[in-house]
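protein_20.txt (compact mmCIF, C-alpha atoms (C1' of nucleotides) and all ligand atoms) appears below.
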# COMPACT_ATOMS: atom_id res chain seq x y z
CA MET A 1 0.00 0.00 0.00
CA PRO A 2 1.50 3.33 -1.05
CA ALA A 3 2.09 6.06 1.52
CA TYR A 4 -0.41 8.84 1.74
CA ARG A 5 0.15 11.49 -0.92
CA PRO A 6 -1.88 14.67 -0.94
CA SER A 7 -2.86 15.82 -4.38
CA THR A 8 -1.02 19.13 -3.92
CA PRO A 9 2.15 19.15 -1.83
CA PRO A 10 2.27 21.81 0.89
CA PRO A 11 3.80 25.00 -0.57
CA PRO A 12 7.25 25.76 0.79
CA PRO A 13 7.21 28.40 3.50
CA PRO A 14 7.43 31.63 1.46
CA THR A 15 10.77 32.99 2.55
CA SER A 16 10.83 36.72 2.10
CA ALA A 17 14.05 36.36 0.13
CA ARG A 18 12.31 34.13 -2.40
CA GLU A 19 9.38 36.49 -2.58
CA LEU A 20 11.62 39.49 -3.05
CA ILE A 21 13.43 37.86 -5.92
CA SER A 22 10.29 36.67 -7.69
CA ALA A 23 8.58 40.01 -7.20
CA HIS A 24 11.42 41.56 -9.17
CA GLY A 25 11.15 39.05 -11.98
CA GLY A 26 14.36 37.24 -11.16
CA ARG A 27 15.04 33.56 -10.89
CA VAL A 28 15.19 32.21 -7.38
CA THR A 29 18.66 30.73 -7.10
CA ARG A 30 20.70 29.37 -4.26
CA THR A 31 23.19 32.21 -4.16
CA ARG A 32 20.62 34.99 -4.40
CA VAL A 33 18.50 33.59 -1.62
CA ALA A 34 21.51 33.01 0.62
CA VAL A 35 22.92 36.48 -0.01
CA ILE A 36 19.65 38.17 0.82
CA ASP A 37 19.34 36.10 3.98
CA VAL A 38 22.84 37.07 5.04
CA LEU A 39 22.17 40.74 4.38
CA LEU A 40 18.84 40.60 6.19
CA GLY A 41 20.58 39.12 9.19
CA SER A 42 23.19 41.85 9.44
CA GLN A 43 22.89 45.15 11.25
CA HIS A 44 25.66 46.74 9.21
CA PRO A 45 26.71 46.73 5.56
CA LEU A 46 28.85 43.79 4.50
CA SER A 47 31.64 43.47 1.98
CA HIS A 48 31.71 40.84 -0.75
CA ASP A 49 34.32 39.06 1.31
CA GLU A 50 32.30 39.07 4.49
CA ILE A 51 29.27 37.76 2.64
CA ALA A 52 31.38 35.02 1.07
CA ALA A 53 32.63 34.07 4.52
CA ALA A 54 29.08 33.94 5.83
CA LEU A 55 28.06 31.61 2.99
CA ASP A 56 31.07 29.41 3.67
CA GLY A 57 30.06 29.31 7.33
CA GLU A 58 26.71 27.90 6.32
CA HIS A 59 28.35 25.52 3.85
CA ILE A 60 26.57 27.13 0.93
CA ALA A 61 28.71 26.55 -2.14
CA HIS A 62 29.09 29.61 -4.30
CA ASP A 63 31.22 31.12 -7.02
CA ARG A 64 33.05 34.40 -6.54
CA VAL A 65 31.76 35.88 -9.78
CA THR A 66 28.23 34.68 -9.19
CA LEU A 67 28.30 36.41 -5.83
CA TYR A 68 29.45 39.65 -7.44
CA ARG A 69 26.67 39.34 -10.00
CA ALA A 70 24.06 38.55 -7.39
CA LEU A 71 25.02 41.69 -5.48
CA GLU A 72 25.02 43.74 -8.67
CA TRP A 73 21.52 42.50 -9.45
CA LEU A 74 20.24 43.27 -5.98
CA VAL A 75 21.49 46.84 -6.33
CA GLU A 76 20.01 47.23 -9.82
CA GLN A 77 16.67 46.06 -8.48
CA GLY A 78 16.85 48.45 -5.58
CA ILE A 79 16.71 45.57 -3.13
CA ALA A 80 20.13 46.39 -1.76
CA GLN A 81 22.42 49.37 -1.88
CA ARG A 82 26.13 49.73 -2.33
CA ILE A 83 28.21 51.82 0.05
CA ALA A 84 31.70 53.21 -0.46
CA SER A 85 32.93 52.49 3.02
CA GLY A 86 36.26 54.25 2.91
CA GLU A 87 38.06 50.97 2.48
CA ARG A 88 38.73 49.69 -1.01
CA ALA A 89 35.81 47.30 -1.23
CA TRP A 90 32.15 48.10 -1.62
CA ARG A 91 29.77 47.15 1.11
CA PHE A 92 26.18 46.11 0.70
CA GLU A 93 23.08 46.37 2.81
CA ILE A 94 19.42 45.62 2.30
CA ARG A 95 17.28 48.65 1.68
CA ARG A 96 14.88 48.26 4.52
CA GLY A 97 11.37 49.66 4.39
CA GLY A 98 10.91 53.31 5.18
CA GLU A 99 13.73 54.17 2.89
CA HIS A 100 15.14 56.69 5.36
CA ARG A 101 18.60 57.21 4.00
CA HIS A 102 21.05 57.18 6.86
CA ALA A 103 24.71 57.95 7.33
CA HIS A 104 27.44 55.48 8.23
CA PHE A 105 30.35 55.50 10.60
CA HIS A 106 33.70 54.08 9.57
CA CYS A 107 36.25 53.28 12.26
CA GLU A 108 39.66 53.91 10.75
CA ARG A 109 41.33 51.79 13.42
CA CYS A 110 39.44 48.51 13.12
CA GLY A 111 37.65 49.03 9.81
CA GLN A 112 34.21 48.46 11.28
CA ILE A 113 31.25 50.07 9.57
CA LEU A 114 28.18 51.08 11.50
CA CYS A 115 24.77 52.27 10.37
CA LEU A 116 23.84 55.59 11.96
CA GLU A 117 20.12 55.14 11.70
CA ASP A 118 19.53 58.44 13.45
CA VAL A 119 21.69 60.50 11.12
CA PRO A 120 19.88 61.27 7.87
CA THR A 121 21.77 62.08 4.72
CA PRO A 122 20.92 65.52 3.36
CA ALA A 123 18.17 65.22 0.78
CA SER A 124 19.10 68.39 -1.06
CA ALA A 125 21.76 71.03 -1.31
CA PRO A 126 22.51 74.17 -3.31
CA LEU A 127 23.78 72.96 -6.67
CA PRO A 128 24.69 74.55 -9.98
CA PRO A 129 21.66 74.91 -12.26
CA GLY A 130 20.72 71.76 -14.12
CA PHE A 131 22.27 69.40 -11.60
CA ALA A 132 20.02 66.73 -10.10
CA VAL A 133 20.79 64.71 -6.99
CA GLU A 134 19.60 61.13 -6.89
CA ARG A 135 21.14 59.96 -3.67
CA ALA A 136 23.63 61.06 -1.08
CA GLU A 137 26.31 59.25 0.85
CA LEU A 138 27.50 60.52 4.19
CA VAL A 139 30.32 58.70 5.94
CA LEU A 140 31.77 59.82 9.23
CA HIS A 141 35.32 58.60 9.80
CA GLY A 142 36.93 58.29 13.18
CA ALA A 143 37.44 55.89 16.07
CA CYS A 144 34.81 53.58 17.51
CA ALA A 145 34.38 53.21 21.25
CA ALA A 146 36.52 50.09 21.52
CA CYS A 147 39.38 51.53 19.47
CA GLY A 148 39.23 54.86 21.32
CA ARG A 149 39.54 53.01 24.63
CA HIS A 150 42.57 51.06 23.47
CA ALA A 151 44.27 54.27 22.42
CA GLN A 152 43.71 55.84 25.86
CA GLU A 153 45.01 52.79 27.70
CA GLY A 154 48.03 52.71 25.44
CA GLU A 155 49.02 56.33 26.00
CA GLN A 156 48.85 56.42 29.79
CA MET B 157 87.55 86.31 -21.48
CA PRO B 158 85.07 84.29 -19.46
CA ALA B 159 81.43 85.19 -19.48
CA TYR B 160 80.07 87.13 -16.57
CA ARG B 161 79.29 84.91 -13.61
CA PRO B 162 77.58 86.38 -10.58
CA SER B 163 79.02 85.09 -7.35
CA THR B 164 75.60 83.84 -6.24
CA PRO B 165 73.19 82.61 -8.89
CA PRO B 166 69.73 84.17 -8.72
CA PRO B 167 67.58 81.99 -6.46
CA PRO B 168 64.91 80.07 -8.31
CA PRO B 169 61.49 81.68 -8.05
CA PRO B 170 60.16 80.08 -4.87
CA THR B 171 57.31 78.05 -6.22
CA SER B 172 54.76 77.47 -3.55
CA ALA B 173 55.00 73.77 -4.28
CA ARG B 174 58.68 73.76 -3.39
CA GLU B 175 58.00 75.77 -0.27
CA LEU B 176 55.17 73.49 0.79
CA ILE B 177 57.35 70.43 0.47
CA SER B 178 60.32 71.91 2.31
CA ALA B 179 58.11 73.29 5.04
CA HIS B 180 56.99 69.75 5.72
CA GLY B 181 60.53 68.41 5.87
CA GLY B 182 60.35 66.51 2.60
CA ARG B 183 62.78 66.45 -0.26
CA VAL B 184 61.85 68.56 -3.21
CA THR B 185 61.61 66.12 -6.08
CA ARG B 186 60.39 66.37 -9.63
CA THR B 187 57.28 64.26 -9.11
CA ARG B 188 56.20 65.91 -5.88
CA VAL B 189 56.51 69.39 -7.31
CA ALA B 190 54.67 68.43 -10.48
CA VAL B 191 51.88 66.68 -8.62
CA ILE B 192 51.28 69.64 -6.34
CA ASP B 193 51.27 71.98 -9.32
CA VAL B 194 48.71 69.81 -11.10
CA LEU B 195 46.50 69.65 -8.03
CA LEU B 196 46.81 73.39 -7.45
CA GLY B 197 45.70 73.97 -11.02
CA SER B 198 42.57 71.89 -10.74
CA GLN B 199 39.18 72.98 -9.52
CA HIS B 200 38.11 69.43 -8.75
CA PRO B 201 39.71 66.36 -7.19
CA LEU B 202 41.79 64.24 -9.55
CA SER B 203 42.42 60.53 -9.70
CA HIS B 204 45.87 58.99 -9.87
CA ASP B 205 45.21 58.34 -13.52
CA GLU B 206 44.21 61.89 -14.32
CA ILE B 207 47.27 63.23 -12.55
CA ALA B 208 49.47 60.82 -14.49
CA ALA B 209 47.88 62.02 -17.72
CA ALA B 210 48.51 65.62 -16.74
CA LEU B 211 52.17 64.86 -16.09
CA ASP B 212 52.43 63.09 -19.43
CA GLY B 213 50.90 66.12 -21.09
CA GLU B 214 53.68 68.24 -19.70
CA HIS B 215 56.28 65.61 -20.64
CA ILE B 216 57.24 65.09 -17.03
CA ALA B 217 58.60 61.58 -16.71
CA HIS B 218 57.29 59.73 -13.71
CA ASP B 219 56.87 56.29 -12.26
CA ARG B 220 53.47 54.87 -11.37
CA VAL B 221 54.55 53.79 -7.90
CA THR B 222 56.37 57.01 -7.19
CA LEU B 223 53.22 58.90 -8.05
CA TYR B 224 51.22 56.76 -5.64
CA ARG B 225 53.81 57.41 -2.96
CA ALA B 226 53.90 61.11 -3.63
CA LEU B 227 50.14 61.29 -3.20
CA GLU B 228 50.31 59.18 -0.06
CA TRP B 229 52.91 61.54 1.38
CA LEU B 230 50.87 64.62 0.53
CA VAL B 231 47.90 63.14 2.38
CA GLU B 232 50.02 62.14 5.39
CA GLN B 233 51.35 65.67 5.56
CA GLY B 234 47.89 67.13 5.34
CA ILE B 235 48.79 68.97 2.16
CA ALA B 236 46.23 67.04 0.15
CA GLN B 237 43.22 64.93 0.97
CA ARG B 238 41.87 61.72 -0.44
CA ILE B 239 38.26 61.41 -1.53
CA ALA B 240 36.23 58.27 -2.19
CA SER B 241 34.49 59.50 -5.28
CA GLY B 242 32.03 56.71 -5.82
CA GLU B 243 34.17 55.23 -8.54
CA ARG B 244 36.80 52.64 -7.63
CA ALA B 245 39.78 54.99 -7.57
CA TRP B 246 40.64 57.58 -4.96
CA ARG B 247 40.72 61.19 -5.92
CA PHE B 248 43.01 63.82 -4.51
CA GLU B 249 42.74 67.52 -3.97
CA ILE B 250 44.87 70.15 -2.30
CA ARG B 251 43.61 71.20 1.10
CA ARG B 252 43.20 74.86 0.47
CA GLY B 253 43.39 77.39 3.28
CA GLY B 254 40.31 77.92 5.37
CA GLU B 255 39.92 74.21 5.81
CA HIS B 256 36.18 74.42 5.28
CA ARG B 257 35.32 70.83 4.55
CA HIS B 258 32.96 70.74 1.62
CA ALA B 259 30.81 68.12 -0.07
CA HIS B 260 31.31 66.75 -3.58
CA PHE B 261 29.02 65.96 -6.45
CA HIS B 262 29.51 62.81 -8.49
CA CYS B 263 27.81 62.55 -11.87
CA GLU B 264 26.93 58.91 -12.38
CA ARG B 265 26.58 59.43 -16.13
CA CYS B 266 29.95 60.97 -17.03
CA GLY B 267 31.90 60.27 -13.86
CA GLN B 268 32.76 63.92 -13.29
CA ILE B 269 33.45 65.05 -9.74
CA LEU B 270 32.69 68.57 -8.63
CA CYS B 271 33.57 70.41 -5.44
CA LEU B 272 30.49 71.85 -3.77
CA GLU B 273 32.28 74.64 -1.94
CA ASP B 274 28.99 75.92 -0.56
CA VAL B 275 27.90 72.63 0.94
CA PRO B 276 29.66 71.93 4.23
CA THR B 277 30.05 68.41 5.55
CA PRO B 278 28.38 67.96 8.93
CA ALA B 279 30.93 68.46 11.69
CA SER B 280 29.10 66.38 14.22
CA ALA B 281 26.24 63.95 14.63
CA PRO B 282 24.61 61.90 17.34
CA LEU B 283 26.85 58.88 17.87
CA PRO B 284 26.97 55.98 20.27
CA PRO B 285 28.95 56.83 23.41
CA GLY B 286 32.71 56.65 23.02
CA PHE B 287 32.71 57.20 19.29
CA ALA B 288 34.80 60.09 17.96
CA VAL B 289 34.47 61.62 14.50
CA GLU B 290 37.63 62.87 12.84
CA ARG B 291 36.32 63.80 9.42
CA ALA B 292 33.23 63.41 7.32
CA GLU B 293 32.69 62.72 3.66
CA LEU B 294 29.53 63.78 1.92
CA VAL B 295 29.04 62.83 -1.72
CA LEU B 296 25.91 63.67 -3.67
CA HIS B 297 25.31 61.36 -6.62
CA GLY B 298 23.20 62.23 -9.61
CA ALA B 299 23.35 63.80 -13.04
CA CYS B 300 25.29 66.91 -13.96
CA ALA B 301 23.73 69.61 -16.13
CA ALA B 302 25.24 68.33 -19.37
CA CYS B 303 24.23 64.73 -18.74
CA GLY B 304 20.73 65.74 -17.64
CA ARG B 305 20.28 67.67 -20.87
CA HIS B 306 21.35 64.74 -23.01
CA ALA B 307 18.81 62.53 -21.26
CA GLN B 308 15.97 64.98 -21.95
CA GLU B 309 16.91 65.33 -25.60
CA GLY B 310 17.12 61.58 -25.92
CA GLU B 311 13.69 60.87 -24.47
CA GLN B 312 11.64 63.34 -26.54
C1' DA C 313 5.46 15.06 -16.93
C1' DT C 314 8.33 16.46 -20.69
C1' DT C 315 10.16 19.76 -23.46
C1' DT C 316 11.64 24.28 -24.37
C1' DT C 317 13.46 28.70 -23.39
C1' DT C 318 16.73 31.66 -21.65
C1' DG C 319 18.34 33.78 -17.23
C1' DA C 320 21.86 32.55 -14.32
C1' DT C 321 25.84 30.05 -13.20
C1' DG C 322 30.72 28.58 -12.96
C1' DC C 323 35.08 28.63 -14.74
C1' DA C 324 39.27 30.91 -16.81
C1' DA C 325 41.21 34.90 -18.28
C1' DC C 326 41.70 39.69 -17.88
C1' DA C 327 41.52 44.65 -15.95
C1' DT C 328 42.10 48.14 -12.56
C1' DT C 329 43.93 50.05 -8.60
C1' DG C 330 47.02 49.92 -5.25
C1' DT C 331 51.39 47.83 -2.13
C1' DA C 332 55.77 45.67 -0.84
C1' DG C 333 60.77 44.73 -1.43
C1' DC C 334 64.97 46.23 -2.71
C1' DA C 335 68.88 48.02 -5.29
C1' DT C 336 70.01 52.61 -6.98
C1' DT C 337 69.74 57.61 -7.32
C1' DA C 338 69.91 62.14 -6.03
C1' DG C 339 68.40 65.96 -2.46
C1' DA C 340 70.15 67.85 1.37
C1' DT C 341 73.77 68.40 4.76
C1' DT C 342 78.52 68.39 6.47
C1' DA D 343 83.51 67.00 -2.59
C1' DA D 344 82.08 63.54 0.37
C1' DT D 345 78.40 61.72 3.09
C1' DC D 346 73.94 60.36 4.53
C1' DT D 347 69.59 58.70 3.64
C1' DA D 348 64.91 59.92 1.77
C1' DA D 349 62.97 58.98 -2.32
C1' DT D 350 62.92 56.81 -6.69
C1' DG D 351 62.18 53.29 -10.18
C1' DC D 352 62.08 48.86 -11.09
C1' DT D 353 59.73 44.07 -10.49
C1' DA D 354 56.45 41.32 -8.12
C1' DC D 355 52.49 40.82 -5.79
C1' DA D 356 47.73 41.68 -3.72
C1' DA D 357 43.00 42.97 -3.63
C1' DT D 358 38.85 43.81 -5.89
C1' DG D 359 36.17 43.56 -9.74
C1' DT D 360 34.73 42.45 -14.78
C1' DT D 361 34.27 39.95 -19.30
C1' DG D 362 33.43 36.01 -22.35
C1' DC D 363 31.49 31.90 -23.06
C1' DA D 364 30.02 27.13 -22.60
C1' DT D 365 26.83 24.85 -19.49
C1' DC D 366 23.06 24.38 -16.32
C1' DA D 367 18.68 24.72 -14.31
C1' DA D 368 14.37 27.78 -13.03
C1' DA D 369 10.34 28.89 -14.97
C1' DA D 370 7.19 28.63 -18.72
C1' DA D 371 5.09 26.22 -22.42
C1' DT D 372 3.57 22.04 -24.27
MN MN A 401 23.32 51.31 6.76
MN MN A 402 36.73 69.37 -3.22
ZN ZN A 403 37.15 50.50 15.81
ZN ZN A 404 27.75 64.27 -16.14

Let me see whether you can do it: turn the structure in this file into structure tokens.
Amino acid sequence: MPAYRPSTPPPPPPTSARELISAHGGRVTRTRVAVIDVLLGSQHPLSHDEIAAALDGEHIAHDRVTLYRALEWLVEQGIAQRIASGERAWRFEIRRGGEHRHAHFHCERCGQILCLEDVPTPASAPLPPGFAVERAELVLHGACAACGRHAQEGEQ
Amino acid sequence: MPAYRPSTPPPPPPTSARELISAHGGRVTRTRVAVIDVLLGSQHPLSHDEIAAALDGEHIAHDRVTLYRALEWLVEQGIAQRIASGERAWRFEIRRGGEHRHAHFHCERCGQILCLEDVPTPASAPLPPGFAVERAELVLHGACAACGRHAQEGEQ
DNA sequence: ATTTTTGATGCAACATTGTAGCATTAGATT
DNA sequence: AATCTAATGCTACAATGTTGCATCAAAAAT
């Protein structure tokens, strides 16, 4: 006697990553889903390298180039945004609802990047005629609390 | 009869580049002087590549690495500053007197970078305790007047 | 369920931007 | 003129992306 088989299998739990991708007309692939999940789970923007490390940590096989292309696609679709952190590599973060563009803090000692959710980026500014602003990036550079403490201890 | 020879040759016109370098305890070298002159002559920050092209234009021989090191030294000395333009390469500009930190505009169509002398970068912002800001970078991204015009013409 | 379509992948090669090591040169000083 | 050493000019190397193209597989069509 065959095991019970419902006529329609239960739909997979609709991960928001999968939904996001489909909603933008893209194919739901392993790397895309994993990258979105990693970004969703992070409180600060991540570099390609950090994302790759996260995927490795979860034993999700992935190709370097595919990862770059996945990130590129996410940015094109407006699902994620790219940030010039002050280091050489781009960083990526999910564009969370509300769309309030915020500034970032870059610690020049340890390289850490932090979202300053409370610091908005200026939406406009006096520009030459004909110029149009589409987005603004504000990065504050300095020392984070941990690195500032170390410096003080060191200099006593 | 020998030609007239003054006992002390007339001092070379003290270029401000030469003075700047000496004042900072550096050796006055061909590349350093040329780089400063190029930067002084520009109204907007220049990439390594643009500076190299400018030197070529003036037939000033120079080595790629030496140019990188000259720029690095200028930044260390506080004579110039490095800007993350939104493209992959750094850009450099002389820190002109007054020290008023200004924002920059990056045209995402043509890549041009413009100094927004009238737009100050925020000097402070609400930060987590222990964090210290040392400098801020504000870059507005969008379309310059020329590129905006082209777009309009194209879409009619 | 099978076939078809084509977006997306995975690999190798390449490009750009910047650094490190080290012998040699030349700017400044004695 | 001799000396000292910062700076140069090479060559390699590193880090971060990008391009081309054959192959695969997600989604659609049958
Ligand atoms: Mn953020
Ligand atoms: Mn400027
Ligand atoms: Zn830190
Ligand atoms: Zn433009």

Find the residues of chain B in contact range of chain A, meaning any atom within 6 Å when counting all atoms listed in the file, and list them as a ChimeraX atom specification. /B:286-301

Could you list the residues in chain A lying within 10 Å of chain C, using only C-alpha atoms (C1' of nucleotides), and format the result as a PyMOL selection string? chain A and resi 26-29+31+62-66+69-70+88

Could you list, as a list in words, every residue within 12 Å of Arg18 of chain A, counting all atoms listed in the file and ignoring same-chain residues fewer than 4 positions away?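 Neighbouring residues, sequence-local ones excluded: Pro12, Pro13, Pro14, Ser22, Ala23, His24, Gly25, Gly26, Arg27, Val28, Thr29, Arg30, Thr31, Arg32, Val33, Ala34, Val35, Ile36 and Asp37 of chain A.
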
Residues of chain D within 8 Å of chain B, using only C-alpha atoms (C1' of nucleotides), as a PyMOL selection string? chain D and resi 348-351

Tell me, in Å to one decimal, how far atom CA of Leu223 of chain B is from atom ZN of ligand ZN 404 (chain A). 27.3 Å

State, in Å with one decimal place, the distance from atom CA of Gln199 of chain B to atom CA of Leu270 of chain B.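 About the pair atom CA of Gln199 of chain B and atom CA of Leu270 of chain B: they are 7.9 Å apart.
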
Residue neighbourhood His200 of chain B, 7 Å, all atoms listed in the file, exclusion window fewer than 5 positions, as a PyMOL selection string: chain B and resi 249+269-271

Incomplete segment 263-279 of chain B brought to N, CA, C and O atoms, written out as a PDB file, keeping the file's coordinate frame:
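Final output, result_14.pdb:
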ATOM      1  N   CYS B 263      28.745  62.851 -10.787  1.00  0.00           N
ATOM      2  CA  CYS B 263      27.810  62.550 -11.870  1.00  0.00           C
ATOM      3  C   CYS B 263      27.952  61.088 -12.257  1.00  0.00           C
ATOM      4  O   CYS B 263      29.028  60.657 -12.689  1.00  0.00           O
ATOM      5  N   GLU B 264      26.867  60.349 -12.112  1.00  0.00           N
ATOM      6  CA  GLU B 264      26.930  58.910 -12.380  1.00  0.00           C
ATOM      7  C   GLU B 264      26.840  58.605 -13.859  1.00  0.00           C
ATOM      8  O   GLU B 264      26.967  57.450 -14.260  1.00  0.00           O
ATOM      9  N   ARG B 265      26.594  59.640 -14.682  1.00  0.00           N
ATOM     10  CA  ARG B 265      26.580  59.430 -16.130  1.00  0.00           C
ATOM     11  C   ARG B 265      28.008  59.570 -16.678  1.00  0.00           C
ATOM     12  O   ARG B 265      28.500  58.657 -17.330  1.00  0.00           O
ATOM     13  N   CYS B 266      28.648  60.690 -16.400  1.00  0.00           N
ATOM     14  CA  CYS B 266      29.950  60.970 -17.030  1.00  0.00           C
ATOM     15  C   CYS B 266      31.115  60.790 -16.063  1.00  0.00           C
ATOM     16  O   CYS B 266      32.271  60.887 -16.466  1.00  0.00           O
ATOM     17  N   GLY B 267      30.820  60.538 -14.795  1.00  0.00           N
ATOM     18  CA  GLY B 267      31.900  60.270 -13.860  1.00  0.00           C
ATOM     19  C   GLY B 267      32.546  61.513 -13.257  1.00  0.00           C
ATOM     20  O   GLY B 267      33.374  61.410 -12.357  1.00  0.00           O
ATOM     21  N   GLN B 268      32.187  62.654 -13.764  1.00  0.00           N
ATOM     22  CA  GLN B 268      32.760  63.920 -13.290  1.00  0.00           C
ATOM     23  C   GLN B 268      32.558  64.109 -11.784  1.00  0.00           C
ATOM     24  O   GLN B 268      31.527  63.747 -11.237  1.00  0.00           O
ATOM     25  N   ILE B 269      33.556  64.692 -11.147  1.00  0.00           N
ATOM     26  CA  ILE B 269      33.450  65.050  -9.740  1.00  0.00           C
ATOM     27  C   ILE B 269      33.575  66.551  -9.592  1.00  0.00           C
ATOM     28  O   ILE B 269      34.429  67.170 -10.225  1.00  0.00           O
ATOM     29  N   LEU B 270      32.727  67.112  -8.781  1.00  0.00           N
ATOM     30  CA  LEU B 270      32.690  68.570  -8.630  1.00  0.00           C
ATOM     31  C   LEU B 270      32.783  68.913  -7.157  1.00  0.00           C
ATOM     32  O   LEU B 270      32.157  68.251  -6.329  1.00  0.00           O
ATOM     33  N   CYS B 271      33.548  69.940  -6.824  1.00  0.00           N
ATOM     34  CA  CYS B 271      33.570  70.410  -5.440  1.00  0.00           C
ATOM     35  C   CYS B 271      32.346  71.287  -5.210  1.00  0.00           C
ATOM     36  O   CYS B 271      32.071  72.200  -5.988  1.00  0.00           O
ATOM     37  N   LEU B 272      31.624  71.000  -4.152  1.00  0.00           N
ATOM     38  CA  LEU B 272      30.490  71.850  -3.770  1.00  0.00           C
ATOM     39  C   LEU B 272      30.966  72.726  -2.602  1.00  0.00           C
ATOM     40  O   LEU B 272      30.705  72.431  -1.430  1.00  0.00           O
ATOM     41  N   GLU B 273      31.639  73.785  -2.958  1.00  0.00           N
ATOM     42  CA  GLU B 273      32.280  74.640  -1.940  1.00  0.00           C
ATOM     43  C   GLU B 273      31.257  75.198  -0.963  1.00  0.00           C
ATOM     44  O   GLU B 273      31.585  75.507   0.180  1.00  0.00           O
ATOM     45  N   ASP B 274      30.024  75.313  -1.414  1.00  0.00           N
ATOM     46  CA  ASP B 274      28.990  75.920  -0.560  1.00  0.00           C
ATOM     47  C   ASP B 274      28.312  74.917   0.351  1.00  0.00           C
ATOM     48  O   ASP B 274      27.513  75.299   1.202  1.00  0.00           O
ATOM     49  N   VAL B 275      28.573  73.648   0.145  1.00  0.00           N
ATOM     50  CA  VAL B 275      27.900  72.630   0.940  1.00  0.00           C
ATOM     51  C   VAL B 275      28.877  72.065   1.964  1.00  0.00           C
ATOM     52  O   VAL B 275      29.774  71.307   1.602  1.00  0.00           O
ATOM     53  N   PRO B 276      28.738  72.433   3.211  1.00  0.00           N
ATOM     54  CA  PRO B 276      29.660  71.930   4.230  1.00  0.00           C
ATOM     55  C   PRO B 276      29.320  70.494   4.597  1.00  0.00           C
ATOM     56  O   PRO B 276      28.162  70.075   4.500  1.00  0.00           O
ATOM     57  N   THR B 277      30.326  69.743   5.017  1.00  0.00           N
ATOM     58  CA  THR B 277      30.050  68.410   5.550  1.00  0.00           C
ATOM     59  C   THR B 277      29.727  68.580   7.024  1.00  0.00           C
ATOM     60  O   THR B 277      30.342  69.394   7.708  1.00  0.00           O
ATOM     61  N   PRO B 278      28.769  67.832   7.528  1.00  0.00           N
ATOM     62  CA  PRO B 278      28.380  67.960   8.930  1.00  0.00           C
ATOM     63  C   PRO B 278      29.576  67.706   9.834  1.00  0.00           C
ATOM     64  O   PRO B 278      30.316  66.740   9.644  1.00  0.00           O
ATOM     65  N   ALA B 279      29.770  68.580  10.805  1.00  0.00           N
ATOM     66  CA  ALA B 279      30.930  68.460  11.690  1.00  0.00           C
ATOM     67  C   ALA B 279      30.664  67.492  12.824  1.00  0.00           C
ATOM     68  O   ALA B 279      31.581  66.951  13.422  1.00  0.00           O
TER      69      ALA B 279
END
